Amino acid sequence: MRIPRPRSLAGQLFAMQVVLVAAIVAGCALFAYLTDRAQAEETARLQSTATATAVARSPSVIAAARSDRPAEALQPYAEDVRRGAGVNFVVVMAPDGTRWSHPEPDEIGRKYLGHIDEALRGETFSEKHLGVLGPSIRTVVPVYDGERITAVVSAGITIQRISEQMRQQVVALLLVAGAALALGGLGTYVINARLRRHTHGMNAAELSRMHDYHEAALHAVREGLLMLDGRRRIALVNDGARELLGLDADAVGRPVAELGLPARLTGALLAAEPRVDEVHLTADRVIVVNTSPVVGGERRGTVATLRDHTELQSLSGELDSERGFTQALRSQAHEAANRLHTVVSLIELGRADEAVDFATAELELAQTLTDRVVDAVGEPVLAALLLGKAAQANERGVELVLAADSRIDDGVLPPSLPARDLVTILGNLIDNAVDAASDAAARSGDTTSPGLGRPPRARVTVTVTARTDGDELLIRVYDTGAGVAPDRVDEVFHRGWSTNGSGRGLGLALVQQAVHRGRGRVTLTEGPDGGADFVVRLPLDAGVSV
């Protein structure tokens with residue numbers, strides 16, 4: 001059997017509000033009824049008191065009480081007063097309770113049904129009593145003739161008459177209460193219809209479950225999620241976004257422009273148009289940003305997803321280096337084959353001594369740099385990087401030179417300087433220097449081999465220094481390229497700055513980021529040969545910022 005779906009939250013609230021409004025209206029109506037009835041009875045008491053007091057003080061009543069036949073004078077007078085005062089009865093009686101007047105003439109001469117003892121003691125009082133005309137509210141007043149009480153007057157209004165008045169008031173009260181209930185129900189329906197649209201017709205259990213899933217997914221996903229409201233303030237941020245952007249716990253509610261993020265990243269988050277897979281750099285990370293505006297008649301905000309691209313970018317750089325190493329090895333294999341053919345040909349020509357000299361010279365040339373690097377750099381990762389970059393540079397006609405004062409013993413570098421960061425720093429600086437030196441040589445026409453009538457080409461070099469300097473690691477790379485204009489020195493570390501066209505300009509930005517993680521510093525000046533001279537200093541006793 002299919003279990004019926006619980007009523008939606010809006011429906012539950014509507015039913016609850018209708019019941020609440022009905023209860024309030026009913027309560028107010030009952031209170032008004034009871035209040036009006038009490039007021040009606042009090043009004044009847046006051047009206048009867050005023051009538052009875054006026055009759056008791058009338059000279060004609062006092063005079064009639066002295067006469068031998070008081071009923072003949074008092075009956076028509078009492079009826080005139082009853083009709084004029086709007087009460088149901090005015091009864092004038094003797095001190096023993098014998099009636100001298102009554103709305104029903106047959107009751108004249110009979111005993112009064114009520115209490116008169118207090119009146120005979122000179123007191124005016126009111127009571128509710130059952131009489132000939134039915135239950136009534138009456139007031140009894142003594143009639144004084146000088147100092148003597150000669151008669152008693154009782155005036156009253158029946159409960160039936162009060163009830164008839166109350167029924168008329170109740171009808172009006174019910175009409176007002178019905179109108180209030182209808183108006184309250186209509187307002188409740190309108191409000192709950194709006195609530196139903198916003199909650200998509202879900203009930204409370206579904207909303208609670210969705211909130212739980214939302215919170216779990218928000219904190220479980222590793223990607224960063226950032227939501228901005230229409231005023232460009234952070235409306236929601238998950239743990240991943242806090243970590244990637246370095247945000248504090250009080251980031252929610254703050255404008256994005258006040259978070260201290262890089263200008264390009266801030267601009268991407270605040271942009272009105274969507275951004276797809278844009279790469280941005282923070283102080284410590286490479287972040288891929290996707291944004292999408294939230295619209296609904298008007299711009300309501302922006303949803304941004306952030307992916308950590310730092311490790312992927314580092315691996316991509318290592319992959320590029322491996323590709324370069326592979327191409328260099330392929331080229332060297334081709335060159336080795338050519339040299340081997342030369343040696344074989346010299347032997348076939350009977351010039352064995354020249355073949356030995358040629359082979360030995362080539363081996364010594366290749367071994368010299370290897371021995372120099374292995375002897376000076378005890379760190380295996382850096383040594384391998386330098387040898388690979390030397391092969392790549394050689395293929396582009398650039399000579400990679402390791403400075404004579406370079407020296408890094410194995411085990412000197414602390415764990416606070418990860419090998420991956422050192423590869424990022426040194427590898428990108430060398431790549432940048434090789435590009436600059438090669439391009440400068442190409443523009444000057446010095447990359448061609450010397451031929452007949454041509455002077456030897458100028459030496460195109462990239463010089464690398466890697467050594468410890470006190471409690472710091474010093475990495476210096478300078479080239480024979482064109483250098484950087486002094487007014488553009490501050491721009492070279494920005495993402496997108498490059499002299500090699502669009503799609504480039506990430507390497508030096510990654511260098512600065514890695515240096516920042518190592519709590520070091522990087523400077524750029526003009527080198528000895530007029531090219532760029534990059535100097536990186538990394539403390540050997542500082543932790544890595546995370």
# chains A, B, ... in the order shown; residues from 1 in each chain; ligands from 1
>>> residues_around(residues="Ala268 of chain A", least_positions_apart="5", cutoff="9 Å", atoms="only C-alpha atoms", output="list in words")
Ala263, Glu273, Pro274, Arg275, Glu278, Val289, Asn290 and Thr291 of chain A
>>> residues_around(residues="Arg242 of chain A", least_positions_apart="3", cutoff="9 Å", atoms="only C-alpha atoms", output="JSON list (two decimals) with N, CA and C atoms, in the first residue's frame")
[["chain", "number", "residue", "atom", "x", "y", "z"],
["A", 224, "GLY", "N", 36.47, 23.85, -3.79],
["A", 224, "GLY", "CA", 35.97, 25.02, -3.08],
["A", 224, "GLY", "C", 34.66, 25.50, -3.69],
["A", 225, "LEU", "N", 33.72, 25.89, -2.85],
["A", 225, "LEU", "CA", 32.44, 26.43, -3.30],
["A", 225, "LEU", "C", 32.22, 27.76, -2.61],
["A", 226, "LEU", "N", 31.96, 28.78, -3.43],
["A", 226, "LEU", "CA", 31.80, 30.14, -2.92],
["A", 226, "LEU", "C", 30.55, 30.72, -3.53],
["A", 237, "VAL", "N", 30.37, 29.72, 2.07],
["A", 237, "VAL", "CA", 31.71, 29.26, 1.71],
["A", 237, "VAL", "C", 31.96, 27.93, 2.42],
["A", 238, "ASN", "N", 32.46, 26.96, 1.69],
["A", 238, "ASN", "CA", 32.72, 25.67, 2.31],
["A", 238, "ASN", "C", 34.18, 25.57, 2.76],
["A", 239, "ASP", "N", 34.50, 24.43, 3.39],
["A", 239, "ASP", "CA", 35.84, 24.26, 3.95],
["A", 239, "ASP", "C", 36.91, 24.31, 2.86],
["A", 245, "LEU", "N", 41.51, 29.75, -0.46],
["A", 245, "LEU", "CA", 41.64, 31.20, -0.47],
["A", 245, "LEU", "C", 42.25, 31.75, 0.82],
["A", 246, "GLY", "N", 42.47, 30.90, 1.80],
["A", 246, "GLY", "CA", 43.04, 31.37, 3.06],
["A", 246, "GLY", "C", 42.11, 32.28, 3.82],
["A", 247, "LEU", "N", 40.80, 31.95, 3.86],
["A", 247, "LEU", "CA", 39.81, 32.81, 4.49],
["A", 247, "LEU", "C", 39.67, 32.48, 5.97],
["A", 248, "ASP", "N", 39.31, 33.49, 6.75],
["A", 248, "ASP", "CA", 39.08, 33.32, 8.18],
["A", 248, "ASP", "C", 37.68, 32.77, 8.42],
["A", 249, "ALA", "N", 37.39, 32.47, 9.68],
["A", 249, "ALA", "CA", 36.09, 31.92, 10.04],
["A", 249, "ALA", "C", 34.98, 32.96, 9.89],
["A", 251, "ALA", "N", 34.52, 35.07, 7.42],
["A", 251, "ALA", "CA", 34.48, 35.55, 6.04],
["A", 251, "ALA", "C", 33.06, 35.76, 5.54]]
>>> atom_distance(atom1="atom CA of Asn338 of chain A", atom2="atom CA of Ala359 of chain A")
11.5 Å
>>> residues_around(residues="segment 120-123 of chain A", least_positions_apart="6", cutoff="9 Å", atoms="only C-alpha atoms", output="list in words")
Pro95, Val140, Val141, Pro142, Val143, Tyr144, Ile149, Ala151 and Val152 of chain A
>>> select_by_dssp(residues="segment 380-482 of chain A", states="strand (DSSP E)", output="list in words")
Glu399, Leu400, Val401, Leu402, Thr461, Val462, Thr463, Val464, Thr465, Ala466, Arg467, Thr468, Asp469, Glu472, Leu473, Leu474, Ile475, Arg476, Val477, Tyr478 and Asp479 of chain A
>>> atom_distance(atom1="atom CA of Leu46 of chain A", atom2="atom CA of Gly146 of chain A")
25.8 Å
